[in-house]
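Undergrad: Pasting input.pdb here (PDB, C-alpha atoms):
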MODEL        1
ATOM      1  CA  MET A  20     -22.214   2.680   1.785
ATOM      2  CA  ASN A  21     -21.117   3.240   5.389
ATOM      3  CA  GLU A  22     -21.377   0.351   7.806
ATOM      4  CA  ALA A  23     -19.759  -0.510  11.109
ATOM      5  CA  SER A  24     -17.213  -3.265  11.326
ATOM      6  CA  SER A  25     -17.564  -7.017  11.403
ATOM      7  CA  HIS A  26     -17.156  -9.041  14.561
ATOM      8  CA  SER A  27     -14.000 -11.117  14.317
ATOM      9  CA  GLY A  28     -15.897 -14.266  15.215
ATOM     10  CA  ASP A  29     -18.153 -13.876  12.181
ATOM     11  CA  LEU A  30     -15.485 -13.398   9.523
ATOM     12  CA  ARG A  31     -16.413 -16.547   7.624
ATOM     13  CA  GLN A  32     -19.902 -15.114   7.114
ATOM     14  CA  GLY A  33     -18.530 -11.967   5.560
ATOM     15  CA  TRP A  34     -19.324  -8.389   6.483
ATOM     16  CA  ARG A  35     -21.469  -7.886   9.572
ATOM     17  CA  PRO A  36     -22.004  -4.494  11.239
ATOM     18  CA  ALA A  37     -20.793  -4.079  14.795
ATOM     19  CA  THR A  38     -23.554  -3.150  17.210
ATOM     20  CA  TYR A  39     -21.544  -1.558  20.007
ATOM     21  CA  TYR A  40     -18.289   0.183  20.927
ATOM     22  CA  PRO A  41     -15.464  -0.623  21.203
ATOM     23  CA  ASP A  42     -15.415  -2.385  17.857
ATOM     24  CA  PRO A  43     -14.640  -6.068  18.585
ATOM     25  CA  ALA A  44     -12.772  -6.323  15.272
ATOM     26  CA  ILE A  45      -9.965  -4.206  16.747
ATOM     27  CA  LYS A  46      -7.531  -5.959  19.074
ATOM     28  CA  ALA A  47      -4.678  -4.617  21.179
ATOM     29  CA  LEU A  48      -1.950  -7.249  21.289
ATOM     30  CA  ASP A  49       0.430  -5.013  23.249
ATOM     31  CA  PRO A  50      -0.294  -2.094  25.620
ATOM     32  CA  ARG A  51       1.471   0.249  23.191
ATOM     33  CA  PHE A  52      -1.431  -0.065  20.755
ATOM     34  CA  GLU A  53      -3.957   1.411  23.185
ATOM     35  CA  LYS A  54      -2.919   5.010  22.454
ATOM     36  CA  TYR A  55      -3.774   4.550  18.759
ATOM     37  CA  TRP A  56      -7.157   2.885  19.301
ATOM     38  CA  LEU A  57     -10.140   5.234  19.335
ATOM     39  CA  LYS A  58     -12.706   3.292  21.324
ATOM     40  CA  LEU A  59     -15.623   5.207  19.754
ATOM     41  CA  SER A  60     -14.470   4.523  16.204
ATOM     42  CA  ALA A  61     -15.423   1.497  14.115
ATOM     43  CA  VAL A  62     -14.366   0.064  10.799
ATOM     44  CA  GLU A  63     -16.626   1.248   7.974
ATOM     45  CA  ARG A  64     -17.061  -0.309   4.554
ATOM     46  CA  LEU A  65     -16.983   2.515   2.014
ATOM     47  CA  ALA A  66     -17.422   0.544  -1.192
ATOM     48  CA  THR A  67     -17.581  -3.012  -2.457
ATOM     49  CA  GLY A  68     -17.869  -4.827  -5.774
ATOM     50  CA  LEU A  69     -14.228  -4.534  -6.784
ATOM     51  CA  ARG A  70     -12.365  -7.528  -8.160
ATOM     52  CA  TRP A  71      -8.955  -6.970  -6.526
ATOM     53  CA  ALA A  72      -8.449  -3.684  -4.691
ATOM     54  CA  GLU A  73      -4.966  -2.196  -4.432
ATOM     55  CA  GLY A  74      -2.946   0.998  -4.241
ATOM     56  CA  PRO A  75      -5.110   3.442  -2.231
ATOM     57  CA  VAL A  76      -3.885   7.060  -2.242
ATOM     58  CA  TRP A  77      -5.413  10.088  -0.538
ATOM     59  CA  PHE A  78      -5.918  13.501  -2.188
ATOM     60  CA  GLY A  79      -6.517  15.863   0.704
ATOM     61  CA  ASP A  80      -6.923  18.937  -1.474
ATOM     62  CA  GLY A  81      -9.897  17.278  -3.158
ATOM     63  CA  ARG A  82     -11.013  15.183  -0.175
ATOM     64  CA  TYR A  83     -11.103  11.981  -2.172
ATOM     65  CA  LEU A  84      -9.458   8.580  -2.280
ATOM     66  CA  LEU A  85      -8.233   6.798  -5.388
ATOM     67  CA  CYS A  86      -7.917   3.016  -5.407
ATOM     68  CA  SER A  87      -6.836   0.575  -8.117
ATOM     69  CA  ASP A  88      -9.132  -2.277  -9.145
ATOM     70  CA  ILE A  89      -6.476  -4.176 -11.071
ATOM     71  CA  PRO A  90      -8.346  -6.939 -12.978
ATOM     72  CA  ASN A  91     -11.154  -4.544 -13.865
ATOM     73  CA  GLN A  92      -8.650  -2.171 -15.486
ATOM     74  CA  ARG A  93      -9.813   0.841 -13.553
ATOM     75  CA  ILE A  94      -8.969   3.305 -10.815
ATOM     76  CA  LEU A  95     -11.941   4.206  -8.613
ATOM     77  CA  LYS A  96     -12.601   7.479  -6.818
ATOM     78  CA  TRP A  97     -14.378   7.726  -3.458
ATOM     79  CA  GLU A  98     -15.428  11.193  -2.275
ATOM     80  CA  GLU A  99     -15.292  11.841   1.450
ATOM     81  CA  GLU A 100     -17.919  14.585   1.478
ATOM     82  CA  THR A 101     -20.644  12.626  -0.322
ATOM     83  CA  GLY A 102     -19.552   8.976  -0.240
ATOM     84  CA  ALA A 103     -19.952   8.853  -4.022
ATOM     85  CA  VAL A 104     -17.942   6.226  -5.901
ATOM     86  CA  SER A 105     -17.042   6.791  -9.541
ATOM     87  CA  VAL A 106     -14.519   5.694 -12.148
ATOM     88  CA  PHE A 107     -11.467   7.956 -12.165
ATOM     89  CA  ARG A 108      -9.658   6.151 -15.011
ATOM     90  CA  LYS A 109     -10.562   3.284 -17.310
ATOM     91  CA  PRO A 110      -8.699   1.599 -18.833
ATOM     92  CA  SER A 111      -5.984   1.958 -16.216
ATOM     93  CA  ASN A 112      -3.342  -0.232 -17.866
ATOM     94  CA  PHE A 113      -3.738  -2.617 -14.923
ATOM     95  CA  ALA A 114      -2.662   0.078 -12.472
ATOM     96  CA  ASN A 115      -1.472  -1.220  -9.108
ATOM     97  CA  GLY A 116       0.373   0.950  -6.555
ATOM     98  CA  ASN A 117      -0.239   4.699  -6.364
ATOM     99  CA  THR A 118       1.219   7.619  -4.461
ATOM    100  CA  ARG A 119       1.649  11.384  -4.829
ATOM    101  CA  ASP A 120       4.841  13.247  -5.553
ATOM    102  CA  ARG A 121       5.940  16.360  -3.698
ATOM    103  CA  GLN A 122       4.026  18.521  -6.160
ATOM    104  CA  GLY A 123       0.815  16.609  -5.473
ATOM    105  CA  ARG A 124       0.714  14.703  -8.751
ATOM    106  CA  LEU A 125      -0.448  11.096  -8.990
ATOM    107  CA  VAL A 126       2.360   8.556  -9.524
ATOM    108  CA  THR A 127       1.202   5.108 -10.638
ATOM    109  CA  CYS A 128       2.720   1.663 -11.168
ATOM    110  CA  GLU A 129       1.196   0.024 -14.254
ATOM    111  CA  HIS A 130       1.354  -3.714 -14.813
ATOM    112  CA  GLY A 131      -0.031  -3.476 -18.334
ATOM    113  CA  GLY A 132       2.357  -0.823 -19.559
ATOM    114  CA  ARG A 133       5.221  -2.240 -17.481
ATOM    115  CA  ARG A 134       5.962   1.320 -16.461
ATOM    116  CA  VAL A 135       5.732   4.044 -13.829
ATOM    117  CA  THR A 136       3.710   7.095 -14.836
ATOM    118  CA  ARG A 137       2.842  10.534 -13.518
ATOM    119  CA  THR A 138      -0.513  12.205 -14.066
ATOM    120  CA  GLU A 139       0.004  15.913 -14.744
ATOM    121  CA  TYR A 140      -2.262  18.675 -13.493
ATOM    122  CA  ASP A 141      -4.050  18.786 -16.854
ATOM    123  CA  GLY A 142      -4.712  15.039 -16.772
ATOM    124  CA  SER A 143      -2.077  14.069 -19.315
ATOM    125  CA  ILE A 144       0.183  11.127 -18.492
ATOM    126  CA  THR A 145       3.973  11.251 -18.472
ATOM    127  CA  VAL A 146       5.987   8.026 -18.597
ATOM    128  CA  LEU A 147       8.647   8.272 -15.902
ATOM    129  CA  MET A 148      10.268   4.890 -16.525
ATOM    130  CA  ASP A 149       9.520   1.783 -18.579
ATOM    131  CA  GLN A 150      12.938   0.210 -19.068
ATOM    132  CA  PHE A 151      16.346  -0.178 -17.460
ATOM    133  CA  ASP A 152      19.571  -0.741 -19.391
ATOM    134  CA  GLY A 153      17.545  -1.207 -22.542
ATOM    135  CA  LYS A 154      15.305  -3.929 -21.081
ATOM    136  CA  ARG A 155      11.621  -3.617 -20.292
ATOM    137  CA  LEU A 156      10.561  -3.490 -16.685
ATOM    138  CA  ASN A 157       8.545  -6.416 -15.341
ATOM    139  CA  SER A 158       5.386  -5.090 -13.666
ATOM    140  CA  PRO A 159       5.996  -2.154 -11.301
ATOM    141  CA  ASN A 160       4.073  -2.862  -8.123
ATOM    142  CA  ASP A 161       4.317  -0.278  -5.347
ATOM    143  CA  VAL A 162       5.833   3.187  -5.118
ATOM    144  CA  VAL A 163       6.786   5.897  -2.604
ATOM    145  CA  VAL A 164       8.266   9.362  -3.022
ATOM    146  CA  LYS A 165      11.014  10.521  -0.672
ATOM    147  CA  SER A 166      11.283  14.084   0.659
ATOM    148  CA  ASP A 167      13.977  14.893  -1.918
ATOM    149  CA  GLY A 168      11.505  14.081  -4.688
ATOM    150  CA  SER A 169      13.109  10.777  -5.658
ATOM    151  CA  ILE A 170      10.734   7.984  -6.680
ATOM    152  CA  TRP A 171      11.335   4.505  -5.245
ATOM    153  CA  PHE A 172       9.429   1.516  -6.601
ATOM    154  CA  THR A 173       9.407  -2.269  -6.696
ATOM    155  CA  ASP A 174       9.357  -4.326  -9.891
ATOM    156  CA  PRO A 175       8.362  -7.988  -9.367
ATOM    157  CA  ILE A 176       7.017 -10.243 -12.131
ATOM    158  CA  PHE A 177       3.475 -10.685 -10.811
ATOM    159  CA  GLY A 178       1.791  -8.887 -13.699
ATOM    160  CA  LEU A 179       3.589 -11.103 -16.223
ATOM    161  CA  LEU A 180       2.306 -14.390 -14.821
ATOM    162  CA  GLY A 181      -1.044 -14.326 -16.612
ATOM    163  CA  ASN A 182      -3.691 -12.198 -18.258
ATOM    164  CA  TYR A 183      -5.656 -11.324 -15.115
ATOM    165  CA  GLU A 184      -3.544  -8.551 -13.568
ATOM    166  CA  GLY A 185      -1.496  -7.730 -16.644
ATOM    167  CA  TYR A 186      -0.353  -9.390 -19.839
ATOM    168  CA  LYS A 187       1.368 -12.761 -19.797
ATOM    169  CA  ALA A 188       4.990 -12.392 -20.894
ATOM    170  CA  GLU A 189       8.517 -13.504 -20.150
ATOM    171  CA  PRO A 190      10.566 -11.212 -17.914
ATOM    172  CA  GLU A 191      13.538  -9.451 -19.468
ATOM    173  CA  ILE A 192      15.153  -8.271 -16.259
ATOM    174  CA  ASP A 193      15.630  -9.300 -12.627
ATOM    175  CA  MET A 194      13.180  -8.268  -9.906
ATOM    176  CA  ASN A 195      14.688  -5.118  -8.409
ATOM    177  CA  VAL A 196      13.919  -2.039  -6.372
ATOM    178  CA  TYR A 197      14.663   1.203  -8.213
ATOM    179  CA  ARG A 198      15.295   4.827  -7.358
ATOM    180  CA  LEU A 199      14.475   7.450  -9.963
ATOM    181  CA  ASP A 200      16.359  10.716  -9.465
ATOM    182  CA  PRO A 201      14.051  13.758  -9.600
ATOM    183  CA  GLU A 202      16.595  15.994 -11.321
ATOM    184  CA  THR A 203      18.518  13.776 -13.724
ATOM    185  CA  ARG A 204      15.716  11.199 -14.271
ATOM    186  CA  LYS A 205      18.468   8.585 -13.969
ATOM    187  CA  ALA A 206      17.378   5.270 -12.501
ATOM    188  CA  THR A 207      19.530   3.126 -10.231
ATOM    189  CA  VAL A 208      19.002  -0.277  -8.626
ATOM    190  CA  VAL A 209      18.943   0.239  -4.861
ATOM    191  CA  ALA A 210      18.042  -3.333  -3.857
ATOM    192  CA  GLU A 211      18.473  -6.585  -5.747
ATOM    193  CA  GLY A 212      18.229 -10.259  -4.903
ATOM    194  CA  VAL A 213      14.886  -9.758  -3.144
ATOM    195  CA  LEU A 214      12.408 -12.582  -3.775
ATOM    196  CA  GLY A 215       9.316 -10.789  -5.028
ATOM    197  CA  PRO A 216       9.818  -7.182  -3.873
ATOM    198  CA  ASN A 217       6.415  -5.710  -3.059
ATOM    199  CA  GLY A 218       5.276  -2.952  -0.673
ATOM    200  CA  LEU A 219       7.784  -0.383   0.563
ATOM    201  CA  ALA A 220       7.855   2.654   2.843
ATOM    202  CA  PHE A 221      10.306   4.875   4.684
ATOM    203  CA  SER A 222      10.533   5.452   8.408
ATOM    204  CA  PRO A 223       9.462   8.986   9.434
ATOM    205  CA  ASP A 224      13.076  10.220   9.491
ATOM    206  CA  GLU A 225      13.782   8.401   6.194
ATOM    207  CA  LYS A 226      16.778   6.630   7.712
ATOM    208  CA  ILE A 227      15.215   3.186   7.161
ATOM    209  CA  LEU A 228      13.479   1.712   4.119
ATOM    210  CA  TYR A 229      11.100  -1.157   4.841
ATOM    211  CA  LEU A 230      10.384  -3.627   2.045
ATOM    212  CA  ILE A 231       8.107  -6.652   1.698
ATOM    213  CA  GLU A 232       9.775  -9.815   0.369
ATOM    214  CA  SER A 233       6.586 -11.493  -0.818
ATOM    215  CA  ARG A 234       8.182 -14.651  -2.200
ATOM    216  CA  GLY A 235      10.462 -15.215   0.745
ATOM    217  CA  VAL A 236      11.463 -18.779   1.583
ATOM    218  CA  PRO A 237       9.883 -20.394   3.502
ATOM    219  CA  THR A 238       7.783 -17.381   4.565
ATOM    220  CA  ARG A 239       7.170 -13.779   3.604
ATOM    221  CA  LYS A 240       9.295 -11.194   5.361
ATOM    222  CA  ILE A 241       9.458  -7.494   6.005
ATOM    223  CA  LEU A 242      13.027  -6.416   5.333
ATOM    224  CA  ALA A 243      14.740  -3.283   6.604
ATOM    225  CA  TYR A 244      17.615  -1.344   5.054
ATOM    226  CA  ASP A 245      19.612   1.632   6.254
ATOM    227  CA  VAL A 246      19.407   4.640   3.942
ATOM    228  CA  SER A 247      22.722   6.372   3.263
ATOM    229  CA  PRO A 248      23.262   9.958   4.489
ATOM    230  CA  SER A 249      23.181  11.005   0.838
ATOM    231  CA  GLY A 250      19.694   9.502   0.623
ATOM    232  CA  ASP A 251      20.256   7.471  -2.514
ATOM    233  CA  LYS A 252      21.715   4.127  -1.415
ATOM    234  CA  LEU A 253      20.752   1.239   0.864
ATOM    235  CA  SER A 254      22.844  -1.002   3.111
ATOM    236  CA  ASN A 255      22.607  -3.402   6.051
ATOM    237  CA  LYS A 256      19.790  -5.568   4.720
ATOM    238  CA  ARG A 257      18.085  -7.425   7.564
ATOM    239  CA  VAL A 258      14.851  -9.168   8.482
ATOM    240  CA  PHE A 259      12.580  -6.823  10.409
ATOM    241  CA  VAL A 260       9.652  -9.263  10.670
ATOM    242  CA  ASP A 261       9.271 -12.895   9.658
ATOM    243  CA  ALA A 262       5.582 -13.074   8.738
ATOM    244  CA  GLY A 263       5.200 -16.787   9.441
ATOM    245  CA  PRO A 264       1.717 -17.784   8.214
ATOM    246  CA  GLY A 265       0.826 -14.145   7.530
ATOM    247  CA  THR A 266       0.834 -12.466   4.139
ATOM    248  CA  PRO A 267       2.090  -8.869   4.275
ATOM    249  CA  ASP A 268       1.580  -6.970   1.046
ATOM    250  CA  GLY A 269       1.380  -3.176   1.133
ATOM    251  CA  PHE A 270       1.813  -0.966   4.189
ATOM    252  CA  ARG A 271       2.340   2.563   5.453
ATOM    253  CA  VAL A 272       4.197   4.065   8.399
ATOM    254  CA  ASP A 273       2.709   6.474  10.945
ATOM    255  CA  ILE A 274       4.405   9.474  12.557
ATOM    256  CA  ASP A 275       5.624   7.313  15.463
ATOM    257  CA  GLY A 276       7.281   4.821  13.125
ATOM    258  CA  ASN A 277       4.709   2.020  13.462
ATOM    259  CA  LEU A 278       4.068  -0.128  10.393
ATOM    260  CA  TRP A 279       0.390  -0.603   9.470
ATOM    261  CA  CYS A 280       0.422  -3.643   7.192
ATOM    262  CA  GLY A 281      -2.136  -5.221   4.887
ATOM    263  CA  TRP A 282      -2.351  -8.876   5.920
ATOM    264  CA  GLY A 283      -4.131 -12.147   5.278
ATOM    265  CA  MET A 284      -4.706 -15.059   2.889
ATOM    266  CA  GLY A 285      -4.844 -18.691   3.897
ATOM    267  CA  ASP A 286      -6.760 -18.287   7.150
ATOM    268  CA  PRO A 287      -9.717 -15.963   7.808
ATOM    269  CA  GLU A 288      -8.343 -15.268  11.266
ATOM    270  CA  LEU A 289      -5.358 -13.582   9.641
ATOM    271  CA  ASP A 290      -7.309 -11.312   7.290
ATOM    272  CA  GLY A 291      -7.140  -7.574   7.860
ATOM    273  CA  VAL A 292      -4.409  -5.247   9.102
ATOM    274  CA  VAL A 293      -1.658  -5.797  11.646
ATOM    275  CA  VAL A 294       0.446  -3.112  13.282
ATOM    276  CA  PHE A 295       4.121  -3.459  14.175
ATOM    277  CA  ALA A 296       5.998  -1.160  16.534
ATOM    278  CA  PRO A 297       9.426   0.140  15.434
ATOM    279  CA  ASP A 298      11.048  -2.736  17.355
ATOM    280  CA  GLY A 299       9.224  -5.311  15.196
ATOM    281  CA  VAL A 300       6.681  -6.411  17.804
ATOM    282  CA  MET A 301       3.093  -6.921  16.573
ATOM    283  CA  ILE A 302       1.046  -4.603  18.777
ATOM    284  CA  GLY A 303      -2.406  -4.503  17.200
ATOM    285  CA  ARG A 304      -4.803  -6.030  14.699
ATOM    286  CA  ILE A 305      -7.820  -4.890  12.718
ATOM    287  CA  ALA A 306      -9.863  -7.908  11.630
ATOM    288  CA  LEU A 307     -11.613  -7.718   8.260
ATOM    289  CA  PRO A 308     -13.702 -10.316   6.418
ATOM    290  CA  GLU A 309     -11.293 -10.055   3.476
ATOM    291  CA  ARG A 310      -7.561 -10.102   2.940
ATOM    292  CA  CYS A 311      -6.175  -6.555   2.957
ATOM    293  CA  ALA A 312      -3.679  -5.873   0.183
ATOM    294  CA  ASN A 313      -2.740  -2.266   0.838
ATOM    295  CA  LEU A 314      -3.654   0.839   2.794
ATOM    296  CA  CYS A 315      -2.937   4.511   3.318
ATOM    297  CA  PHE A 316      -3.647   7.316   5.762
ATOM    298  CA  GLY A 317      -5.907  10.189   4.790
ATOM    299  CA  GLY A 318      -8.812  12.333   5.866
ATOM    300  CA  VAL A 319      -8.720  15.974   6.925
ATOM    301  CA  LYS A 320      -6.193  15.277   9.721
ATOM    302  CA  ARG A 321      -4.490  12.285   8.047
ATOM    303  CA  ASN A 322      -5.844  10.154  10.907
ATOM    304  CA  ARG A 323      -8.169   7.945   8.865
ATOM    305  CA  LEU A 324      -6.839   4.591   7.738
ATOM    306  CA  PHE A 325      -8.108   3.509   4.312
ATOM    307  CA  MET A 326      -7.815  -0.224   3.608
ATOM    308  CA  ALA A 327      -8.026  -1.853   0.159
ATOM    309  CA  ALA A 328      -9.217  -5.351   1.005
ATOM    310  CA  SER A 329      -9.806  -7.771  -1.873
ATOM    311  CA  GLN A 330     -13.267  -6.709  -3.104
ATOM    312  CA  SER A 331     -13.969  -3.787  -0.778
ATOM    313  CA  ILE A 332     -12.600  -0.545   0.630
ATOM    314  CA  TYR A 333     -12.744   0.002   4.396
ATOM    315  CA  ALA A 334     -11.850   2.906   6.672
ATOM    316  CA  LEU A 335     -11.108   3.450  10.348
ATOM    317  CA  TYR A 336     -10.303   6.576  12.355
ATOM    318  CA  VAL A 337      -7.191   6.078  14.497
ATOM    319  CA  ASN A 338      -5.308   8.195  17.014
ATOM    320  CA  THR A 339      -2.233   8.786  14.882
ATOM    321  CA  GLN A 340      -1.319  10.210  11.506
ATOM    322  CA  GLY A 341       0.444   8.932   8.456
ATOM    323  CA  ALA A 342       4.047  10.009   8.096
ATOM    324  CA  VAL A 343       4.569  12.610   5.382
ATOM    325  CA  GLY A 344       5.250  10.835   2.098
ATOM    326  CA  GLY A 345       3.647   7.657   3.348
TER     327      GLY A 345
ENDMDL
END
Written as structure tokens, how would this file's structure read?
TA:
Amino acid sequence: MNEASSHSGDLRQGWRPATYYPDPAIKALDPRFEKYWLKLSAVERLATGLRWAEGPVWFGDGRYLLCSDIPNQRILKWEEETGAVSVFRKPSNFANGNTRDRQGRLVTCEHGGRRVTRTEYDGSITVLMDQFDGKRLNSPNDVVVKSDGSIWFTDPIFGLLGNYEGYKAEPEIDMNVYRLDPETRKATVVAEGVLGPNGLAFSPDEKILYLIESRGVPTRKILAYDVSPSGDKLSNKRVFVDAGPGTPDGFRVDIDGNLWCGWGMGDPELDGVVVFAPDGVMIGRIALPERCANLCFGGVKRNRLFMAASQSIYALYVNTQGAVGG
């Protein structure tokens, strides 16, 4: 299914195709956003009928997108060439965040298994981490792979809160952010004391790690940390963005260092994607008729934004590219 985008004024009525360019669902809030906005491009809905879409990841060598449908215990596959949607994996162990490692293999956060896994070239699954200091992880949420091959992921308790996105259980360990060394397979805590660590991504030069604090008080926040020259430690924790009434979840960074953030919940006027410049100023918005949980860049030139939004998957061509690893 390919449709143009909804008009922001009709969000309460759900998806409605745009009838002209530029797409009225796209808004420049700052002149800096204009260079990224293709005026002859519109938001398209690629698929719908999911229960809670998360963790999109692009496979350029196969020209397909994978996306988690957490409560339905499946990972879906959308093919760019044909538009076909199929089941890539079921059951998925309540898979949430996905990414690729530097060898092109799928890395997945599983709520159900309380683990991070890697899918090998032959389709077999390797458990990368399911415990720390002898205690089970909570419910790994989102994951990125740095240029040195290290795997960084968040581990909140969201999948333990009920039997909808995981299995109800008591946590055994604090909510942390971990780094898994690619050579030694040793895991270290790189950030602790974060209230509900969620989405994370590196700046293009990997000198900054951005992290969503999704249970921040009184509001959600996007935090920023400096990455050590050795590439394995964080320091100088600070608030990059106070989300106010917004609900940032997952996000990715483009080659210019802008943050493209899934947003919404609570007010239809907030639902969609917002874009922050490297200085923390909100410069643009893509309105959707659903809350957007996560997104990624893909397509032949990595200039197509794929958005996992509640029950649907959307896409939009933009005039930038995703940063490598993002």
Undergrad: Take the PyMOL selection byres ((chain A and resi 58) around 12), run it mentally on this structure, and tell me the resulting residues as a PyMOL selection string.
TA: chain A and resi 39-47+52-57+59-62+335-338
Undergrad: Could you write those residues out with C-alpha atoms, as a PDB file, keeping the file's coordinate frame?
TA:
ATOM      1  CA  TYR A  39     -21.544  -1.558  20.007  1.00  0.00           C
ATOM      2  CA  TYR A  40     -18.289   0.183  20.927  1.00  0.00           C
ATOM      3  CA  PRO A  41     -15.464  -0.623  21.203  1.00  0.00           C
ATOM      4  CA  ASP A  42     -15.415  -2.385  17.857  1.00  0.00           C
ATOM      5  CA  PRO A  43     -14.640  -6.068  18.585  1.00  0.00           C
ATOM      6  CA  ALA A  44     -12.772  -6.323  15.272  1.00  0.00           C
ATOM      7  CA  ILE A  45      -9.965  -4.206  16.747  1.00  0.00           C
ATOM      8  CA  LYS A  46      -7.531  -5.959  19.074  1.00  0.00           C
ATOM      9  CA  ALA A  47      -4.678  -4.617  21.179  1.00  0.00           C
ATOM     10  CA  PHE A  52      -1.431  -0.065  20.755  1.00  0.00           C
ATOM     11  CA  GLU A  53      -3.957   1.411  23.185  1.00  0.00           C
ATOM     12  CA  LYS A  54      -2.919   5.010  22.454  1.00  0.00           C
ATOM     13  CA  TYR A  55      -3.774   4.550  18.759  1.00  0.00           C
ATOM     14  CA  TRP A  56      -7.157   2.885  19.301  1.00  0.00           C
ATOM     15  CA  LEU A  57     -10.140   5.234  19.335  1.00  0.00           C
ATOM     16  CA  LEU A  59     -15.623   5.207  19.754  1.00  0.00           C
ATOM     17  CA  SER A  60     -14.470   4.523  16.204  1.00  0.00           C
ATOM     18  CA  ALA A  61     -15.423   1.497  14.115  1.00  0.00           C
ATOM     19  CA  VAL A  62     -14.366   0.064  10.799  1.00  0.00           C
ATOM     20  CA  LEU A 335     -11.108   3.450  10.348  1.00  0.00           C
ATOM     21  CA  TYR A 336     -10.303   6.576  12.355  1.00  0.00           C
ATOM     22  CA  VAL A 337      -7.191   6.078  14.497  1.00  0.00           C
ATOM     23  CA  ASN A 338      -5.308   8.195  17.014  1.00  0.00           C
TER      24      ASN A 338
END
Undergrad: Which residues fall under the PyMOL selection byres ((chain A and resi 215) around 7) in this file, as a list in words?
TA: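 Selected by the PyMOL selection byres ((chain A and resi 215) around 7) in this file: Pro175, Met194, Val213, Leu214, Pro216, Asn217, Glu232, Ser233 and Arg234 of chain A.
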Undergrad: Expand the PyMOL selection byres ((chain A and resi 333) around 9) into the individual residues it matches in the shown file, reporting them as a list in words.
TA: Ser24, Val62, Glu63, Arg64, Leu65, Ala66, Thr67, Leu307, Leu324, Phe325, Met326, Ala327, Ala328, Ser331, Ile332, Ala334 and Leu335 of chain A
Undergrad: Neighbouring residues of A:Tyr244 were defined as those with any atom within 10 Å, considering only C-alpha atoms; residues of the same chain fewer than 2 positions away were excluded. Please report them as a list in words.
TA: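 Near A:Tyr244, the qualifying residues are Ala210, Phe221, Lys226, Ile227, Leu228, Tyr229, Leu230, Leu242, Val246, Ser247, Lys252, Leu253, Ser254, Asn255, Lys256, Arg257, Val258 and Phe259 of chain A.
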Undergrad: Go through A:Ala243, A:Ile231, A:Cys86, A:Val292 and flag the residue nearest A:Arg310, using only C-alpha atoms for the distances.
TA: A:Val292
Undergrad: Nearest to A:Gly74: which of A:Asp152, A:Asp251, A:Asp161, A:Glu309 is it, counting all atoms listed in the file?
TA: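 Closest to A:Gly74 of all the choices is A:Asp161.
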Undergrad: Provide an axis-aligned box for all listed atoms of stretch 88-102 of chain A, padding each side by 8 Å; report its centre and its edge lengths in Å to one decimal, as AutoDock Vina command-line options.
TA:
--center_x -13.6 --center_y 3.8 --center_z -7.0 --size_x 30.2 --size_y 37.5 --size_z 33.0
